[in-house]
Amino acid sequence: AMNKDGLNFWKTNKNNDFLLDAGLTLSDVEDAIRQLTVKEYSSGPKPDDNPKRPIGDVWVFAKEYYGYELYLKLKLLNGNASAQCLSFHEAENTLRTPNRTLR
């Protein structure tokens, strides 16, 4: 979906503040997402619980990136497979990653 239509990055205060504080760019966000592996998977797919956003399933990942343990919430919009990054910031809690020990 990112290759086709790019990435729609949700510019929330939390996301924007983290990028600014960490000195990261939207290119870094795309880079981190493209590098995700099954080992970093935490949960999903599950329905988005925010009624203000378009219908679609979300996935959560925990990724170490430039010394930060990140919380990433990604979404594919139903119908057009548009890639959405809803959350990209430091994890507030340790995320369960059931596949972390895979080779």
# chains A, B, ... in the order shown; residues from 1 in each chain; ligands from 1
$ residues_around --residues "segment 58-74 of chain A" --least-positions-apart "5" --cutoff "6 Å" --atoms "only C-alpha atoms" --output "list in words"
Glu40, Tyr41, Ser42, Ser43, Gly44, Pro45, Lys46, Asp48, Gln84, Cys85, Leu86, Ser87, Phe88, His89, Glu90 and Ala91 of chain A
$ residues_around --residues "Ala83 of chain A" --least-positions-apart "5" --cutoff "12 Å" --atoms "only C-alpha atoms" --output "ChimeraX atom specification"
/A:1-10,30,33-34,56-59,73-78
$ write_last_selection --atoms "N, CA and C atoms" --output "tab-separated table (two decimals), in the first residue's frame"
chain	number	residue	atom	x	y	z
A	1	ALA	N	0.82	-1.20	0.00
A	1	ALA	CA	0.00	0.00	0.00
A	1	ALA	C	0.87	1.27	0.00
A	2	MET	N	1.99	1.24	0.73
A	2	MET	CA	2.88	2.42	0.74
A	2	MET	C	3.52	2.62	-0.62
A	3	ASN	N	3.85	1.53	-1.30
A	3	ASN	CA	4.47	1.66	-2.62
A	3	ASN	C	3.50	2.26	-3.62
A	4	LYS	N	2.23	1.95	-3.46
A	4	LYS	CA	1.22	2.43	-4.40
A	4	LYS	C	0.81	3.88	-4.12
A	5	ASP	N	0.44	4.17	-2.89
A	5	ASP	CA	-0.14	5.47	-2.55
A	5	ASP	C	0.64	6.26	-1.51
A	6	GLY	N	1.81	5.79	-1.10
A	6	GLY	CA	2.56	6.49	-0.07
A	6	GLY	C	1.99	6.18	1.30
A	7	LEU	N	2.35	7.00	2.26
A	7	LEU	CA	1.94	6.81	3.65
A	7	LEU	C	1.20	8.05	4.12
A	8	ASN	N	0.05	7.85	4.71
A	8	ASN	CA	-0.68	8.94	5.34
A	8	ASN	C	-0.30	8.94	6.82
A	9	PHE	N	0.51	9.92	7.23
A	9	PHE	CA	0.99	10.04	8.62
A	9	PHE	C	0.04	10.95	9.38
A	10	TRP	N	-0.55	10.44	10.44
A	10	TRP	CA	-1.47	11.23	11.25
A	10	TRP	C	-0.66	12.18	12.12
A	30	GLU	N	8.77	6.47	7.41
A	30	GLU	CA	8.59	5.51	6.33
A	30	GLU	C	9.67	4.44	6.36
A	33	ILE	N	8.95	1.95	9.16
A	33	ILE	CA	7.82	1.08	8.82
A	33	ILE	C	8.24	0.04	7.79
A	34	ARG	N	9.00	0.44	6.80
A	34	ARG	CA	9.45	-0.51	5.77
A	34	ARG	C	10.37	-1.59	6.36
A	56	GLY	N	-11.48	0.48	9.38
A	56	GLY	CA	-10.34	-0.33	8.96
A	56	GLY	C	-9.71	-1.02	10.15
A	57	ASP	N	-8.87	-1.99	9.87
A	57	ASP	CA	-8.17	-2.73	10.91
A	57	ASP	C	-6.84	-2.08	11.25
A	58	VAL	N	-6.42	-2.23	12.52
A	58	VAL	CA	-5.14	-1.69	12.97
A	58	VAL	C	-4.23	-2.82	13.44
A	59	TRP	N	-2.94	-2.58	13.31
A	59	TRP	CA	-1.89	-3.46	13.79
A	59	TRP	C	-0.97	-2.62	14.67
A	73	LYS	N	1.31	2.24	15.49
A	73	LYS	CA	-0.02	1.74	15.18
A	73	LYS	C	-0.27	2.05	13.72
A	74	LEU	N	-0.49	0.99	12.95
A	74	LEU	CA	-0.66	1.11	11.51
A	74	LEU	C	-2.05	0.63	11.11
A	75	LYS	N	-2.51	1.15	9.99
A	75	LYS	CA	-3.85	0.82	9.53
A	75	LYS	C	-3.89	0.77	8.02
A	76	LEU	N	-4.65	-0.18	7.51
A	76	LEU	CA	-4.99	-0.20	6.09
A	76	LEU	C	-6.47	0.13	6.00
A	77	LEU	N	-6.80	1.17	5.23
A	77	LEU	CA	-8.20	1.52	5.07
A	77	LEU	C	-8.89	0.49	4.21
A	78	ASN	N	-10.06	0.08	4.63
A	78	ASN	CA	-10.83	-0.89	3.86
A	78	ASN	C	-11.17	-0.31	2.50
$ select_by_dssp --residues "segment 8-101 of chain A" --states "strand (DSSP E)" --output "PyMOL selection string"
chain A and resi 8-9+41-47+56-65+68-77+83-90
$ atom_distance --atom1 "atom CA of Val38 of chain A" --atom2 "atom CA of Arg100 of chain A"
7.8 Å
$ atom_distance --atom1 "atom CA of Pro98 of chain A" --atom2 "atom CA of Thr37 of chain A"
12.2 Å
